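Data file: target29.pdb. Format and content: PDB, C-alpha atoms and all ligand atoms.
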```pdb
ATOM      1  CA  MET A   1      17.628 -79.251  15.175
ATOM      2  CA  ASN A   2      14.620 -78.375  13.047
ATOM      3  CA  LEU A   3      14.840 -75.868  10.179
ATOM      4  CA  THR A   4      13.806 -72.919  12.348
ATOM      5  CA  GLU A   5      16.456 -73.742  14.983
ATOM      6  CA  GLN A   6      19.092 -74.140  12.271
ATOM      7  CA  ILE A   7      18.194 -70.710  10.850
ATOM      8  CA  GLU A   8      18.384 -69.183  14.347
ATOM      9  CA  ALA A   9      21.820 -70.757  14.900
ATOM     10  CA  LEU A  10      23.150 -69.544  11.527
ATOM     11  CA  LYS A  11      21.768 -66.076  12.210
ATOM     12  CA  ARG A  12      23.730 -65.836  15.476
ATOM     13  CA  GLU A  13      26.895 -67.264  13.915
ATOM     14  CA  LYS A  14      26.817 -64.791  11.005
ATOM     15  CA  ASN A  15      25.383 -61.775  12.854
ATOM     16  CA  ALA A  16      22.491 -61.735  10.381
ATOM     17  CA  ILE A  17      19.098 -60.055  10.531
ATOM     18  CA  ILE A  18      15.975 -61.364   8.772
ATOM     19  CA  LEU A  19      13.680 -58.652   7.380
ATOM     20  CA  ALA A  20      10.331 -59.844   6.017
ATOM     21  CA  HIS A  21       7.444 -58.189   4.217
ATOM     22  CA  TYR A  22       3.847 -58.794   5.348
ATOM     23  CA  TYR A  23       3.225 -60.757   2.132
ATOM     24  CA  GLN A  24       5.737 -63.490   3.002
ATOM     25  CA  THR A  25       4.590 -66.954   4.141
ATOM     26  CA  GLU A  26       3.564 -67.322   7.779
ATOM     27  CA  ALA A  27       6.623 -69.481   8.548
ATOM     28  CA  ILE A  28       8.954 -66.748   7.243
ATOM     29  CA  GLN A  29       7.106 -63.957   9.059
ATOM     30  CA  ASP A  30       7.330 -65.990  12.283
ATOM     31  CA  ILE A  31      11.108 -66.380  12.093
ATOM     32  CA  ALA A  32      11.835 -62.784  10.990
ATOM     33  CA  ASP A  33      13.448 -60.219  13.297
ATOM     34  CA  TYR A  34      11.238 -57.564  11.757
ATOM     35  CA  VAL A  35       8.095 -57.776   9.627
ATOM     36  CA  GLY A  36       6.923 -54.578   7.992
ATOM     37  CA  ASP A  37       5.805 -52.591   4.969
ATOM     38  CA  SER A  38       8.145 -51.235   2.308
ATOM     39  CA  LEU A  39       8.931 -48.063   4.257
ATOM     40  CA  GLY A  40       9.486 -49.823   7.588
ATOM     41  CA  LEU A  41      11.728 -52.361   5.900
ATOM     42  CA  SER A  42      13.891 -49.688   4.236
ATOM     43  CA  GLN A  43      14.150 -47.816   7.541
ATOM     44  CA  LYS A  44      15.237 -51.028   9.323
ATOM     45  CA  ALA A  45      17.715 -51.787   6.541
ATOM     46  CA  ALA A  46      19.164 -48.277   6.896
ATOM     47  CA  GLN A  47      19.593 -48.664  10.672
ATOM     48  CA  THR A  48      20.796 -52.232  11.189
ATOM     49  CA  ASP A  49      24.281 -53.059  12.465
ATOM     50  CA  ALA A  50      24.015 -56.704  11.338
ATOM     51  CA  ASP A  51      26.711 -57.942   8.936
ATOM     52  CA  VAL A  52      24.265 -59.885   6.784
ATOM     53  CA  ILE A  53      20.710 -58.902   5.807
ATOM     54  CA  VAL A  54      18.411 -61.715   4.698
ATOM     55  CA  PHE A  55      15.655 -59.930   2.819
ATOM     56  CA  ALA A  56      12.515 -62.034   2.721
ATOM     57  CA  GLY A  57      10.641 -59.955   0.195
ATOM     58  CA  VAL A  58      11.060 -59.189  -3.490
ATOM     59  CA  HIS A  59      14.078 -58.070  -5.512
ATOM     60  CA  PHE A  60      13.496 -54.295  -5.466
ATOM     61  CA  MET A  61      13.298 -54.406  -1.648
ATOM     62  CA  ALA A  62      16.550 -56.339  -1.256
ATOM     63  CA  GLU A  63      18.161 -54.072  -3.856
ATOM     64  CA  THR A  64      17.093 -50.986  -1.878
ATOM     65  CA  ALA A  65      18.648 -52.552   1.240
ATOM     66  CA  LYS A  66      21.883 -53.138  -0.708
ATOM     67  CA  ILE A  67      21.935 -49.557  -1.986
ATOM     68  CA  LEU A  68      21.676 -48.411   1.642
ATOM     69  CA  ASN A  69      24.308 -50.946   2.796
ATOM     70  CA  PRO A  70      26.989 -51.338   0.121
ATOM     71  CA  HIS A  71      29.382 -53.072   2.542
ATOM     72  CA  LYS A  72      26.893 -55.602   3.915
ATOM     73  CA  LYS A  73      25.886 -58.857   2.302
ATOM     74  CA  VAL A  74      22.217 -58.675   1.286
ATOM     75  CA  LEU A  75      20.671 -62.081   0.593
ATOM     76  CA  LEU A  76      17.398 -62.799  -1.214
ATOM     77  CA  PRO A  77      16.168 -66.408  -0.740
ATOM     78  CA  ASP A  78      15.090 -66.662  -4.405
ATOM     79  CA  LEU A  79      16.272 -64.284  -7.147
ATOM     80  CA  ASN A  80      13.015 -64.988  -9.035
ATOM     81  CA  ALA A  81      11.159 -62.904  -6.451
ATOM     82  CA  GLY A  82      10.384 -60.073  -8.866
ATOM     83  CA  CYS A  83       7.470 -57.645  -9.045
ATOM     84  CA  SER A  84       5.039 -56.903 -11.881
ATOM     85  CA  LEU A  85       5.148 -53.193 -11.055
ATOM     86  CA  ALA A  86       8.930 -53.053 -11.236
ATOM     87  CA  ASP A  87       8.837 -55.064 -14.497
ATOM     88  CA  SER A  88       6.284 -52.655 -15.984
ATOM     89  CA  CYS A  89       8.886 -49.882 -16.083
ATOM     90  CA  PRO A  90      11.883 -50.733 -18.312
ATOM     91  CA  PRO A  91      14.738 -48.211 -17.803
ATOM     92  CA  ASP A  92      15.307 -47.376 -21.502
ATOM     93  CA  LEU A  93      11.630 -46.509 -22.065
ATOM     94  CA  PHE A  94      11.420 -44.610 -18.797
ATOM     95  CA  LYS A  95      14.532 -42.602 -19.686
ATOM     96  CA  ASN A  96      12.785 -41.434 -22.880
ATOM     97  CA  PHE A  97       9.603 -40.663 -20.912
ATOM     98  CA  VAL A  98      11.565 -38.500 -18.462
ATOM     99  CA  ALA A  99      13.420 -36.802 -21.320
ATOM    100  CA  ALA A 100      10.063 -35.942 -22.934
ATOM    101  CA  HIS A 101       9.063 -34.008 -19.773
ATOM    102  CA  PRO A 102      12.216 -31.985 -19.049
ATOM    103  CA  ASP A 103      10.676 -29.541 -16.571
ATOM    104  CA  HIS A 104       9.149 -32.303 -14.393
ATOM    105  CA  LYS A 105      10.355 -33.674 -11.047
ATOM    106  CA  VAL A 106      10.371 -37.465 -11.013
ATOM    107  CA  VAL A 107       8.735 -39.205  -8.039
ATOM    108  CA  THR A 108       8.945 -42.984  -8.124
ATOM    109  CA  TYR A 109       7.236 -45.615  -6.048
ATOM    110  CA  ILE A 110       9.848 -47.795  -4.354
ATOM    111  CA  ASN A 111       8.523 -50.795  -6.367
ATOM    112  CA  CYS A 112      11.008 -50.219  -9.207
ATOM    113  CA  SER A 113      14.551 -51.154 -10.157
ATOM    114  CA  ALA A 114      17.730 -49.317  -9.118
ATOM    115  CA  GLU A 115      17.985 -48.029 -12.706
ATOM    116  CA  ILE A 116      14.572 -46.324 -12.362
ATOM    117  CA  LYS A 117      15.481 -44.942  -8.930
ATOM    118  CA  ALA A 118      18.641 -43.518 -10.478
ATOM    119  CA  LEU A 119      16.433 -41.536 -12.910
ATOM    120  CA  SER A 120      14.313 -40.168 -10.031
ATOM    121  CA  ASP A 121      14.374 -37.092  -7.829
ATOM    122  CA  ILE A 122      12.700 -38.769  -4.892
ATOM    123  CA  VAL A 123      11.337 -42.195  -4.008
ATOM    124  CA  CYS A 124       8.141 -42.875  -2.035
ATOM    125  CA  THR A 125       6.214 -45.817  -0.633
ATOM    126  CA  SER A 126       2.486 -46.284  -0.200
ATOM    127  CA  SER A 127       2.690 -45.002   3.377
ATOM    128  CA  ASN A 128       4.412 -41.689   2.596
ATOM    129  CA  ALA A 129       3.365 -40.999  -1.020
ATOM    130  CA  LEU A 130       0.955 -38.172  -0.110
ATOM    131  CA  ASP A 131       3.527 -36.483   2.175
ATOM    132  CA  ILE A 132       6.249 -36.760  -0.466
ATOM    133  CA  ILE A 133       4.044 -35.222  -3.172
ATOM    134  CA  ASN A 134       2.870 -32.500  -0.767
ATOM    135  CA  SER A 135       6.521 -31.658   0.036
ATOM    136  CA  ILE A 136       6.978 -30.510  -3.583
ATOM    137  CA  PRO A 137       5.816 -26.959  -4.467
ATOM    138  CA  LYS A 138       2.372 -26.949  -6.137
ATOM    139  CA  SER A 139       3.705 -25.127  -9.189
ATOM    140  CA  GLN A 140       6.213 -27.921  -9.892
ATOM    141  CA  PRO A 141       5.009 -30.455 -12.510
ATOM    142  CA  ILE A 142       5.613 -34.079 -11.506
ATOM    143  CA  ILE A 143       6.040 -37.441 -13.213
ATOM    144  CA  PHE A 144       4.824 -40.313 -11.037
ATOM    145  CA  ALA A 145       5.878 -43.902 -11.813
ATOM    146  CA  PRO A 146       5.430 -46.804 -12.102
ATOM    147  CA  ASP A 147       2.014 -47.440 -10.442
ATOM    148  CA  LYS A 148      -0.867 -45.685 -12.239
ATOM    149  CA  ASN A 149      -3.387 -46.776  -9.569
ATOM    150  CA  LEU A 150      -1.396 -45.269  -6.707
ATOM    151  CA  GLY A 151      -0.781 -42.251  -8.960
ATOM    152  CA  ARG A 152      -4.515 -41.742  -9.548
ATOM    153  CA  TYR A 153      -5.166 -42.086  -5.810
ATOM    154  CA  ILE A 154      -2.532 -39.415  -5.071
ATOM    155  CA  MET A 155      -4.071 -37.117  -7.714
ATOM    156  CA  LYS A 156      -7.496 -37.489  -6.105
ATOM    157  CA  GLN A 157      -6.188 -36.892  -2.572
ATOM    158  CA  THR A 158      -3.905 -33.964  -3.365
ATOM    159  CA  GLY A 159      -5.890 -32.363  -6.214
ATOM    160  CA  ARG A 160      -2.691 -32.249  -8.275
ATOM    161  CA  GLU A 161      -2.106 -33.308 -11.857
ATOM    162  CA  LEU A 162       0.613 -35.944 -12.200
ATOM    163  CA  VAL A 163       2.032 -37.350 -15.403
ATOM    164  CA  LEU A 164       1.551 -41.089 -14.825
ATOM    165  CA  TRP A 165       3.527 -44.072 -16.057
ATOM    166  CA  ASP A 166       1.239 -46.918 -17.153
ATOM    167  CA  GLY A 167       2.289 -49.617 -14.676
ATOM    168  CA  SER A 168       0.335 -51.731 -12.217
ATOM    169  CA  CYS A 169       0.448 -54.610  -9.753
ATOM    170  CA  VAL A 170      -1.060 -57.869 -11.022
ATOM    171  CA  VAL A 171      -2.189 -58.835  -7.533
ATOM    172  CA  HIS A 172      -4.016 -55.602  -6.694
ATOM    173  CA  GLU A 173      -5.603 -55.414 -10.158
ATOM    174  CA  ALA A 174      -7.075 -58.910  -9.693
ATOM    175  CA  PHE A 175      -9.790 -57.897  -7.226
ATOM    176  CA  SER A 176     -13.304 -58.379  -8.588
ATOM    177  CA  PHE A 177     -15.593 -55.357  -8.184
ATOM    178  CA  GLU A 178     -18.733 -57.491  -8.598
ATOM    179  CA  LYS A 179     -17.600 -60.123  -6.101
ATOM    180  CA  LEU A 180     -16.537 -57.438  -3.635
ATOM    181  CA  VAL A 181     -19.943 -55.722  -3.844
ATOM    182  CA  ALA A 182     -21.678 -59.098  -3.355
ATOM    183  CA  LEU A 183     -19.465 -59.877  -0.346
ATOM    184  CA  TYR A 184     -20.175 -56.465   1.169
ATOM    185  CA  GLN A 185     -23.923 -56.937   0.657
ATOM    186  CA  LYS A 186     -23.617 -60.215   2.586
ATOM    187  CA  HIS A 187     -21.709 -58.421   5.396
ATOM    188  CA  PRO A 188     -23.064 -54.850   5.382
ATOM    189  CA  THR A 189     -21.521 -54.001   8.783
ATOM    190  CA  ALA A 190     -18.017 -54.875   7.556
ATOM    191  CA  LYS A 191     -15.508 -52.165   6.691
ATOM    192  CA  ILE A 192     -13.565 -52.458   3.446
ATOM    193  CA  ILE A 193      -9.869 -51.605   3.755
ATOM    194  CA  ALA A 194      -7.732 -51.420   0.625
ATOM    195  CA  HIS A 195      -4.163 -50.914  -0.523
ATOM    196  CA  PRO A 196      -3.753 -47.924  -2.900
ATOM    197  CA  GLU A 197      -2.258 -50.182  -5.594
ATOM    198  CA  SER A 198      -5.869 -51.353  -6.108
ATOM    199  CA  GLU A 199      -7.935 -49.955  -8.996
ATOM    200  CA  THR A 200     -10.035 -46.806  -8.525
ATOM    201  CA  HIS A 201     -13.395 -48.638  -8.541
ATOM    202  CA  ILE A 202     -12.163 -50.825  -5.644
ATOM    203  CA  LEU A 203     -10.745 -47.813  -3.762
ATOM    204  CA  ASN A 204     -14.072 -45.991  -4.212
ATOM    205  CA  LEU A 205     -15.707 -48.717  -2.093
ATOM    206  CA  ALA A 206     -13.084 -48.579   0.672
ATOM    207  CA  HIS A 207     -13.638 -47.101   4.140
ATOM    208  CA  TYR A 208      -9.872 -46.907   4.659
ATOM    209  CA  ILE A 209      -6.995 -46.809   2.154
ATOM    210  CA  GLY A 210      -3.400 -47.269   3.228
ATOM    211  CA  SER A 211      -0.161 -49.213   3.100
ATOM    212  CA  THR A 212       0.046 -52.696   4.607
ATOM    213  CA  ALA A 213       1.319 -51.230   7.912
ATOM    214  CA  GLY A 214      -1.374 -48.524   7.713
ATOM    215  CA  MET A 215      -4.095 -51.159   7.282
ATOM    216  CA  ILE A 216      -2.857 -53.116  10.307
ATOM    217  CA  ASN A 217      -2.723 -49.947  12.436
ATOM    218  CA  TYR A 218      -6.252 -49.060  11.326
ATOM    219  CA  VAL A 219      -7.810 -52.379  12.380
ATOM    220  CA  LYS A 220      -5.886 -52.182  15.689
ATOM    221  CA  GLN A 221      -7.629 -48.865  16.354
ATOM    222  CA  TYR A 222     -11.108 -50.364  15.790
ATOM    223  CA  PRO A 223     -10.702 -54.044  16.678
ATOM    224  CA  ASP A 224     -14.391 -54.849  17.091
ATOM    225  CA  GLU A 225     -15.257 -54.383  13.440
ATOM    226  CA  MET A 226     -15.457 -56.971  10.685
ATOM    227  CA  TYR A 227     -13.104 -56.211   7.780
ATOM    228  CA  ILE A 228     -12.884 -57.086   4.108
ATOM    229  CA  VAL A 229      -9.195 -56.782   3.281
ATOM    230  CA  ALA A 230      -8.185 -55.784  -0.268
ATOM    231  CA  THR A 231      -4.489 -56.520  -0.453
ATOM    232  CA  GLU A 232      -2.241 -59.588  -0.674
ATOM    233  CA  ALA A 233      -3.521 -62.313   1.652
ATOM    234  CA  GLY A 234      -0.212 -62.676   3.542
ATOM    235  CA  ILE A 235      -1.133 -59.563   5.544
ATOM    236  CA  LEU A 236      -3.876 -61.524   7.327
ATOM    237  CA  HIS A 237      -1.322 -63.389   9.454
ATOM    238  CA  LYS A 238       0.076 -60.391  11.370
ATOM    239  CA  MET A 239      -3.224 -58.528  11.204
ATOM    240  CA  GLN A 240      -5.105 -61.384  12.865
ATOM    241  CA  GLU A 241      -2.392 -61.615  15.556
ATOM    242  CA  GLN A 242      -3.077 -57.968  16.399
ATOM    243  CA  VAL A 243      -6.881 -58.362  16.447
ATOM    244  CA  PRO A 244      -7.555 -61.997  17.394
ATOM    245  CA  ASN A 245     -11.294 -61.504  17.925
ATOM    246  CA  THR A 246     -11.971 -59.598  14.704
ATOM    247  CA  THR A 247     -13.296 -61.270  11.561
ATOM    248  CA  LEU A 248     -11.001 -60.634   8.581
ATOM    249  CA  ILE A 249     -12.228 -61.617   5.127
ATOM    250  CA  PRO A 250      -9.860 -61.440   2.131
ATOM    251  CA  ALA A 251     -11.298 -59.474  -0.802
ATOM    252  CA  PRO A 252     -12.163 -61.840  -3.676
ATOM    253  CA  ALA A 253     -10.129 -61.960  -6.874
ATOM    254  CA  VAL A 254     -11.642 -62.201 -10.402
ATOM    255  CA  GLU A 255     -10.190 -65.505 -11.547
ATOM    256  CA  ASP A 256     -10.071 -67.188  -8.207
ATOM    257  CA  ASN A 257     -12.794 -69.747  -7.730
ATOM    258  CA  THR A 258     -10.872 -72.083  -5.442
ATOM    259  CA  CYS A 259      -9.631 -69.840  -2.640
ATOM    260  CA  ALA A 260     -11.167 -66.470  -1.854
ATOM    261  CA  CYS A 261      -7.862 -64.627  -1.688
ATOM    262  CA  SER A 262      -5.119 -62.964  -3.706
ATOM    263  CA  GLU A 263      -1.535 -64.078  -3.407
ATOM    264  CA  CYS A 264       1.590 -62.540  -4.930
ATOM    265  CA  GLY A 265       3.399 -65.336  -6.757
ATOM    266  CA  TYR A 266       6.639 -63.343  -6.599
ATOM    267  CA  MET A 267       6.526 -62.923  -2.824
ATOM    268  CA  LYS A 268       5.618 -66.557  -2.342
ATOM    269  CA  VAL A 269       8.621 -68.027  -4.212
ATOM    270  CA  ASN A 270      10.598 -67.533  -1.000
ATOM    271  CA  THR A 271      10.334 -70.520   1.354
ATOM    272  CA  LEU A 272      11.821 -71.310   4.753
ATOM    273  CA  GLN A 273      14.103 -73.907   3.118
ATOM    274  CA  LYS A 274      15.378 -71.348   0.575
ATOM    275  CA  LEU A 275      15.901 -68.854   3.389
ATOM    276  CA  TYR A 276      17.999 -71.431   5.263
ATOM    277  CA  ASP A 277      19.977 -72.318   2.110
ATOM    278  CA  CYS A 278      20.737 -68.697   1.246
ATOM    279  CA  LEU A 279      21.923 -67.949   4.769
ATOM    280  CA  LEU A 280      24.083 -71.081   4.840
ATOM    281  CA  HIS A 281      25.718 -70.513   1.439
ATOM    282  CA  GLU A 282      25.431 -66.686   1.449
ATOM    283  CA  THR A 283      23.890 -66.773  -1.998
ATOM    284  CA  PRO A 284      21.936 -65.528  -3.919
ATOM    285  CA  HIS A 285      23.145 -62.102  -2.917
ATOM    286  CA  ILE A 286      22.362 -58.707  -4.401
ATOM    287  CA  THR A 287      24.933 -56.644  -6.264
ATOM    288  CA  VAL A 288      24.561 -53.053  -7.458
ATOM    289  CA  ALA A 289      27.312 -51.379  -9.514
ATOM    290  CA  PRO A 290      28.900 -48.482  -7.544
ATOM    291  CA  SER A 291      28.030 -45.801 -10.148
ATOM    292  CA  LEU A 292      24.378 -46.953 -10.273
ATOM    293  CA  ARG A 293      24.240 -47.187  -6.476
ATOM    294  CA  LYS A 294      25.427 -43.595  -6.098
ATOM    295  CA  LYS A 295      22.640 -42.286  -8.361
ATOM    296  CA  ALA A 296      19.924 -44.491  -6.828
ATOM    297  CA  LEU A 297      20.909 -43.678  -3.242
ATOM    298  CA  LEU A 298      20.108 -39.962  -3.345
ATOM    299  CA  PRO A 299      16.326 -40.261  -4.044
ATOM    300  CA  ILE A 300      16.037 -43.007  -1.385
ATOM    301  CA  GLU A 301      17.868 -40.846   1.172
ATOM    302  CA  ARG A 302      15.626 -37.893   0.332
ATOM    303  CA  MET A 303      12.594 -40.074   1.090
ATOM    304  CA  LEU A 304      14.062 -41.355   4.377
ATOM    305  CA  THR A 305      14.838 -37.785   5.492
ATOM    306  CA  LEU A 306      11.210 -36.789   4.883
ATOM    307  CA  SER A 307       9.786 -39.884   6.651
ATOM    308  CA  THR A 308       9.703 -40.384  10.397
TER
HETATM  309  P1  LIG A 401       3.616 -51.608   1.144
HETATM  310  O1  LIG A 401       4.537 -52.579   1.788
HETATM  311  O2  LIG A 401       4.237 -50.255   1.063
HETATM  312  O3  LIG A 401       2.281 -51.562   1.774
HETATM  313  O4  LIG A 401       3.427 -52.088  -0.377
HETATM  314  C1  LIG A 401       2.843 -53.270  -0.690
HETATM  315  C2  LIG A 401       3.483 -53.967  -1.820
HETATM  316  O5  LIG A 401       2.894 -54.262  -2.808
HETATM  317  C3  LIG A 401       4.859 -54.311  -1.701
HETATM  318  O6  LIG A 401       5.267 -54.883  -2.853
HETATM  319 FE1  LIG A 402       4.866 -56.347  -6.816
HETATM  320 FE2  LIG A 402       2.250 -56.470  -6.507
HETATM  321 FE3  LIG A 402       3.721 -58.493  -5.665
HETATM  322 FE4  LIG A 402       3.819 -56.130  -4.357
HETATM  323  S1  LIG A 402       2.076 -57.503  -4.529
HETATM  324  S2  LIG A 402       5.561 -57.390  -4.966
HETATM  325  S3  LIG A 402       3.542 -54.705  -6.077
HETATM  326  S4  LIG A 402       3.507 -57.810  -7.812
END
```
Before anything else, please render the file you have as structure tokens.
Amino acid sequence: MNLTEQIEALKREKNAIILAHYYQTEAIQDIADYVGDSLGLSQKAAQTDADVIVFAGVHFMAETAKILNPHKKVLLPDLNAGCSLADSCPPDLFKNFVAAHPDHKVVTYINCSAEIKALSDIVCTSSNALDIINSIPKSQPIIFAPDKNLGRYIMKQTGRELVLWDGSCVVHEAFSFEKLVALYQKHPTAKIIAHPESETHILNLAHYIGSTAGMINYVKQYPDEMYIVATEAGILHKMQEQVPNTTLIPAPAVEDNTCACSECGYMKVNTLQKLYDCLLHETPHITVAPSLRKKALLPIERMLTLST
């Protein structure tokens, strides 16, 4: 049996489900039961009746799945699959930040640790952030953390003032404005689509801004176009499957002179071999202390209730 067949066999034996983010390697996306964005993955994790969840994504995603499923085993192929956004928001500093704004509601992007979620009123993802903010009365002041770029985008779209935490994603901040303009000048009929974790000057050039799933749905709607895609390059795999005759060009990164794309080093530490090993040995698995889980669950459940 090859590695893929061995994973399939183990999955059946253990009643496991493989959930993968669009930024995972092609081999992992191809073997997954479900590939999606952060919201879709949390919704799947909340609904599954599998006994074991293999989360091919990064730590905060697997941790969210564990918070939703305290009695299931949640495996992450490599515990080093972190996230620069989650790391940019240490709980002790964030606790002080929240304490300094006592009358504020706390809305946090799902890309954060369980400790940060536990300090939040409601969680959001890039696909429901505008709806979540709009669900809060206009007179209510809000802290938004940890992504300042997504926060600025929400402020622009909703016309509301948010108190922003100063965090960001290393991958989405790596796009080069100059190189993107030059690429667009070379392909003036192309549409630029961008993830809202990108910086404002990149978003200002975009014809469409949305989550990874939102970007795929957008190109499906207009499959004849040529697109410049400003998000992690892993998305191109499923996107190209959906629009096989459309030209997709990854947006160029500042430092990258070898390949014209941006890859998340955290997402890419997971490999098919590590996925097989973790399913076989049922480790590494995610643990969340019961008292922390209880506090972190409420803001996640509030988000899921508001999202269809
Ligand atoms: P979405 O999956 O919500 O599009 O977010 C992208 C991302 O950076 C996940 O870490
Ligand atoms: Fe975190 Fe950015 Fe990687 Fe997403 S792409 S996991 S936000 S570092």
Between A:Cys169, A:Ile116, A:Ala253, A:Val219, which is the closest to A:Lys95 once you count all atoms listed in the file?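 When distances to A:Lys95 are compared using all atoms listed in the file, the smallest one comes from A:Ile116.
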Give me the chain A side of the contact with ligand LIG 402 (chain A), cut-off 6 Å, one line per residue showing its nearest atom pair and distance in Å at one decimal, counting all atoms listed in the file, sorted by chain and residue number, as a tab-separated table.
```
residue	atom	partner	partner_atom	distance
A:Val58	CA	A:LIG402	S2	6.0
A:Cys83	CA	A:LIG402	FE1	3.7
A:Ser84	CA	A:LIG402	S4	4.4
A:Leu85	CA	A:LIG402	FE1	5.3
A:Cys169	CA	A:LIG402	FE2	4.2
A:Val170	CA	A:LIG402	S4	5.6
A:Val171	CA	A:LIG402	FE2	5.1
A:Cys264	CA	A:LIG402	FE3	4.6
A:Tyr266	CA	A:LIG402	FE3	5.7
A:Met267	CA	A:LIG402	FE3	6.0
```
Evaluate the PyMOL selection byres (((not hetatm)) within 10 of (chain A and resi 401)) and report residues as a PyMOL selection string: chain A and resi 21-23+36-41+57-61+82-86+109-112+124-129+169-172+195-198+210-215+231-232+235+264+266-267
Check the smallest atom-to-atom distance from each of A:Glu8, A:Glu173, A:Glu263, A:Asp33 to A:Phe55 using all atoms listed in the file, then report the winner.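 Nearest candidate to A:Phe55 out of A:Glu8, A:Glu173, A:Glu263, A:Asp33: A:Asp33.
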Shell around A:Phe144 at 9 Å using all atoms listed in the file, local window under 2 positions removed, as a PyMOL selection string: chain A and resi 105-109+142+146-148+151+162-165
Nearest-residue call for A:Lys156, choices A:Ser135, A:Gln140, A:Thr200, A:Asn245, using all atoms listed in the file: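 Closest to A:Lys156, using all atoms listed in the file: A:Thr200.
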Interatomic distance, atom CA of A:Val35 to atom CA of A:Leu292 (Å, one decimal):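 These atoms are spaced 27.9 Å apart.
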Rank A:Ile122, A:Leu79, A:Asn149, A:Ile31 by their smallest atom-to-atom distance to A:Val269, using all atoms listed in the file, and report the top residue only.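 Looking only at the distances to A:Val269, the closest residue turns out to be A:Leu79.
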Could you tell me which residues the PyMOL selection byres (((chain A and resi 62) around 10) and not hetatm) returns for this structure, as a list of chain:residue names?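 On this input, the PyMOL selection byres (((chain A and resi 62) around 10) and not hetatm) captures A:Leu19, A:Leu41, A:Ser42, A:Ala45, A:Ile53, A:Val54, A:Phe55, A:Ala56, A:Gly57, A:Val58, A:His59, A:Phe60, A:Met61, A:Glu63, A:Thr64, A:Ala65, A:Lys66, A:Ile67, A:Leu68, A:Val74, A:Leu75, A:Leu76, A:Leu79, A:Ala81, A:His285, A:Ile286, A:Thr287.
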By how many Å are atom CA of A:Tyr208 and atom CA of A:Ile193 apart?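 If I compute the distance from atom CA of A:Tyr208 to atom CA of A:Ile193, I get 4.8 Å.
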What separation in Å, quoted to one decimal, exists between atom CA of A:Ile192 and atom CA of A:His237? 17.5 Å
Pull the neighbourhood of (27.5, -45.6, -4.7) for me: all residues within 12 Å in file coordinates, counting only C-alpha atoms, as a list of chain:residue names.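 Answer for this query, in the requested form: A:Lys66, A:Ile67, A:Leu68, A:Asn69, A:Pro70, A:His71, A:Ala114, A:Ala118, A:Thr287, A:Val288, A:Ala289, A:Pro290, A:Ser291, A:Leu292, A:Arg293, A:Lys294, A:Lys295, A:Ala296, A:Leu297, A:Leu298.
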Please identify all polymer residues within 12 Å of A:Lys186, counting all atoms listed in the file, omitting same-chain residues fewer than 6 positions from it, and present them as a list in words. Lys179, Leu180, Met226, Ile228 and Ile249 of chain A
Would you kindly translate the PyMOL selection byres (((chain A and resi 273) around 10) and not hetatm) into the concrete residues it picks from this file, as an MDAnalysis selection string? chainID A and resid 3:4 7 28 77 270:272 274:279
